[in-house]
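J.: Submitted below is the structure of interest, expressed as structure tokens.
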Amino acid sequence: MKGNCQCTCDFSNEDPRIKELEKIIEEYKGQEGSLIPVLHGAQELFGYLPEEVQIYIAQALNIPLSEIYGVVSFYSLFTTEPRGKYIIKLCLGTACYVKGSGKIMENLEKELNIKMGETTEDGLFTLEGCRCVGACGLAPVLTVNEQVHGRLSPDDVPSLIRTYRLKETQES
Ligand code: FES
């Protein structure tokens, strides 16, 4: 791959993630149903599935690009848009909704200045809604990457976001 793609991605053959992607492809190549785990691995590496990566996988697995587009657009776990470093998933399942996750979403949107489904301009946060995450006893619940935050109130939102912003400044 060269970094001269028409889209906004900027990958080159020197990108270490390409070497990792090659390893994943090698592991699954020739196996039935290899496409999903390869796409999954690629998304883990890049954070999303830009067109250039899809083309690379199509060529490496010898699969028509249209088939890859079809799979990527069918499964909601795949995304073609860059996502934030911190993926906030607020549960909008019944137990959480009854306990106020709607208002929490409103406050998250205000605090982050984005709508559900969007990513902040600094690339730090992506805000998503999701169905029951199986922690109804902690409702209302949200996750930030793998971290679960339960029994939230709408007023907790500013300090929650502040914690992750602070973490970021400490790491950089
Ligand atoms: S409804 Fe939110 S965790 Fe079950």
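Residues are referred to by chain and number: the chain letter is A, B, ... according to the order shown in the structure tokens, the number counts from 1 in that chain, and ligands are numbered separately from 1 in the order shown.
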Per residue of chain A within 7 Å of ligand 1, which atom pair is closest and at what distance in Å (one decimal), using only C-alpha atoms and all ligand atoms, listed by chain and increasing number, as JSON lines?
T.:
```
{"residue": "A:Cys91", "atom": "CA", "partner": "ligand 1", "partner_atom_place_in_ligand_line": "2 (Fe)", "distance": 4.8}
{"residue": "A:Leu92", "atom": "CA", "partner": "ligand 1", "partner_atom_place_in_ligand_line": "2 (Fe)", "distance": 6.2}
{"residue": "A:Gly93", "atom": "CA", "partner": "ligand 1", "partner_atom_place_in_ligand_line": "1 (S)", "distance": 3.7}
{"residue": "A:Thr94", "atom": "CA", "partner": "ligand 1", "partner_atom_place_in_ligand_line": "1 (S)", "distance": 4.9}
{"residue": "A:Ala95", "atom": "CA", "partner": "ligand 1", "partner_atom_place_in_ligand_line": "1 (S)", "distance": 4.2}
{"residue": "A:Cys96", "atom": "CA", "partner": "ligand 1", "partner_atom_place_in_ligand_line": "2 (Fe)", "distance": 4.3}
{"residue": "A:Arg131", "atom": "CA", "partner": "ligand 1", "partner_atom_place_in_ligand_line": "1 (S)", "distance": 6.6}
{"residue": "A:Cys132", "atom": "CA", "partner": "ligand 1", "partner_atom_place_in_ligand_line": "4 (Fe)", "distance": 3.8}
{"residue": "A:Val133", "atom": "CA", "partner": "ligand 1", "partner_atom_place_in_ligand_line": "3 (S)", "distance": 4.4}
{"residue": "A:Gly134", "atom": "CA", "partner": "ligand 1", "partner_atom_place_in_ligand_line": "3 (S)", "distance": 4.6}
{"residue": "A:Ala135", "atom": "CA", "partner": "ligand 1", "partner_atom_place_in_ligand_line": "3 (S)", "distance": 4.0}
{"residue": "A:Cys136", "atom": "CA", "partner": "ligand 1", "partner_atom_place_in_ligand_line": "4 (Fe)", "distance": 3.7}
{"residue": "A:Leu138", "atom": "CA", "partner": "ligand 1", "partner_atom_place_in_ligand_line": "3 (S)", "distance": 6.9}
{"residue": "A:Ala139", "atom": "CA", "partner": "ligand 1", "partner_atom_place_in_ligand_line": "2 (Fe)", "distance": 5.6}
{"residue": "A:Pro140", "atom": "CA", "partner": "ligand 1", "partner_atom_place_in_ligand_line": "2 (Fe)", "distance": 6.0}
{"residue": "A:Val141", "atom": "CA", "partner": "ligand 1", "partner_atom_place_in_ligand_line": "2 (Fe)", "distance": 5.8}
```
J.: Could you write out, as a PyMOL selection string, all the residues of segment 63-160 of chain A that DSSP marks as alpha helix (DSSP H)?
T.: chain A and resi 65-74+94-98+101-112+157-160
J.: Given the choices A:Val157, A:Phe46, A:Ser66, A:Lys19, which gets closest to Lys110 of chain A if the distance is worked out from only C-alpha atoms?
T.: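 The closest residue to Lys110 of chain A is A:Val157.
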J.: What does the structure give for the distance between atom CA of Ile25 of chain A and atom CA of Ile68 of chain A, in Å to one decimal?
T.: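 Between atom CA of Ile25 of chain A and atom CA of Ile68 of chain A the gap works out to 14.2 Å.
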J.: I want to know what sits within 8 Å of Glu81 of chain A, based on only C-alpha atoms, with residues of the same chain fewer than 5 positions away left out; could you give that as number ranges by chain?
T.: A: 48-50
J.: Can you tell me which residues surround Ala60 of chain A at a distance of at most 10 Å, considering only C-alpha atoms, apart from same-chain residues fewer than 6 positions away, and format the answer as number ranges by chain?
T.: A: 22, 25-26, 29, 54
J.: With distances taken over only C-alpha atoms, which residue among A:Met116, A:Leu39, A:Leu124, A:Leu152 lies nearest Tyr75 of chain A?
T.: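 Going through A:Met116, A:Leu39, A:Leu124, A:Leu152 one by one, the smallest distance to Tyr75 of chain A is for A:Leu39.
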J.: Could you name the residues that touch Phe125 of chain A at 9 Å or less, counting only C-alpha atoms, but leaving out those on the same chain fewer than 2 positions away, as a ChimeraX atom specification?
T.: /A:83-88,112,118-123,127
J.: May I have the residues from that selection written out with C-alpha atoms, as an mmCIF file, in the first residue's frame?
T.:
```cif
data_model
loop_
_atom_site.group_PDB
_atom_site.id
_atom_site.type_symbol
_atom_site.label_atom_id
_atom_site.label_comp_id
_atom_site.auth_asym_id
_atom_site.auth_seq_id
_atom_site.Cartn_x
_atom_site.Cartn_y
_atom_site.Cartn_z
ATOM 1 C CA ARG A 83 -13.093 6.394 15.840
ATOM 2 C CA GLY A 84 -11.907 8.039 19.007
ATOM 3 C CA LYS A 85 -9.272 6.712 21.374
ATOM 4 C CA TYR A 86 -12.026 6.309 23.965
ATOM 5 C CA ILE A 87 -15.231 4.674 22.741
ATOM 6 C CA ILE A 88 -18.094 5.601 25.046
ATOM 7 C CA LEU A 112 -18.507 16.419 24.177
ATOM 8 C CA GLU A 118 -19.927 10.986 16.168
ATOM 9 C CA THR A 119 -16.292 11.452 17.195
ATOM 10 C CA THR A 120 -14.845 14.578 18.799
ATOM 11 C CA GLU A 121 -12.627 16.713 16.600
ATOM 12 C CA ASP A 122 -9.543 15.943 18.686
ATOM 13 C CA GLY A 123 -10.110 12.234 17.998
ATOM 14 C CA LEU A 127 -20.070 8.436 21.512
#
```
J.: Quick one: pick out all strand (DSSP E or B) residues within segment 6-137 of chain A from a backbone DSSP run and write them as an MDAnalysis selection string.
T.: chainID A and resid 86:91 119 125:130
J.: Point out the residue among A:Ile63, A:Leu160, A:Ala58, A:Val53 with the least atom-to-atom distance to Thr80 of chain A, counting only C-alpha atoms.
T.: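 Using only C-alpha atoms, Thr80 of chain A sits closest to A:Val53.
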J.: Would you please work out which residue, of A:Glu171, A:Glu111, A:Glu51, A:Glu128, is nearest to Asp156 of chain A when using only C-alpha atoms?
T.: A:Glu111
J.: Mind pulling up the distance from atom CA of Arg17 of chain A to atom CA of Val71 of chain A?
T.: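 Distance reported for this atom pair: 21.8 Å.
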J.: Return the single residue from A:Gly70, A:Pro16, A:Gly150, A:Gly47 that is closest to Leu35 of chain A, with distances computed using only C-alpha atoms.
T.: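 Of A:Gly70, A:Pro16, A:Gly150, A:Gly47, the one nearest Leu35 of chain A is A:Gly70, counting only C-alpha atoms.
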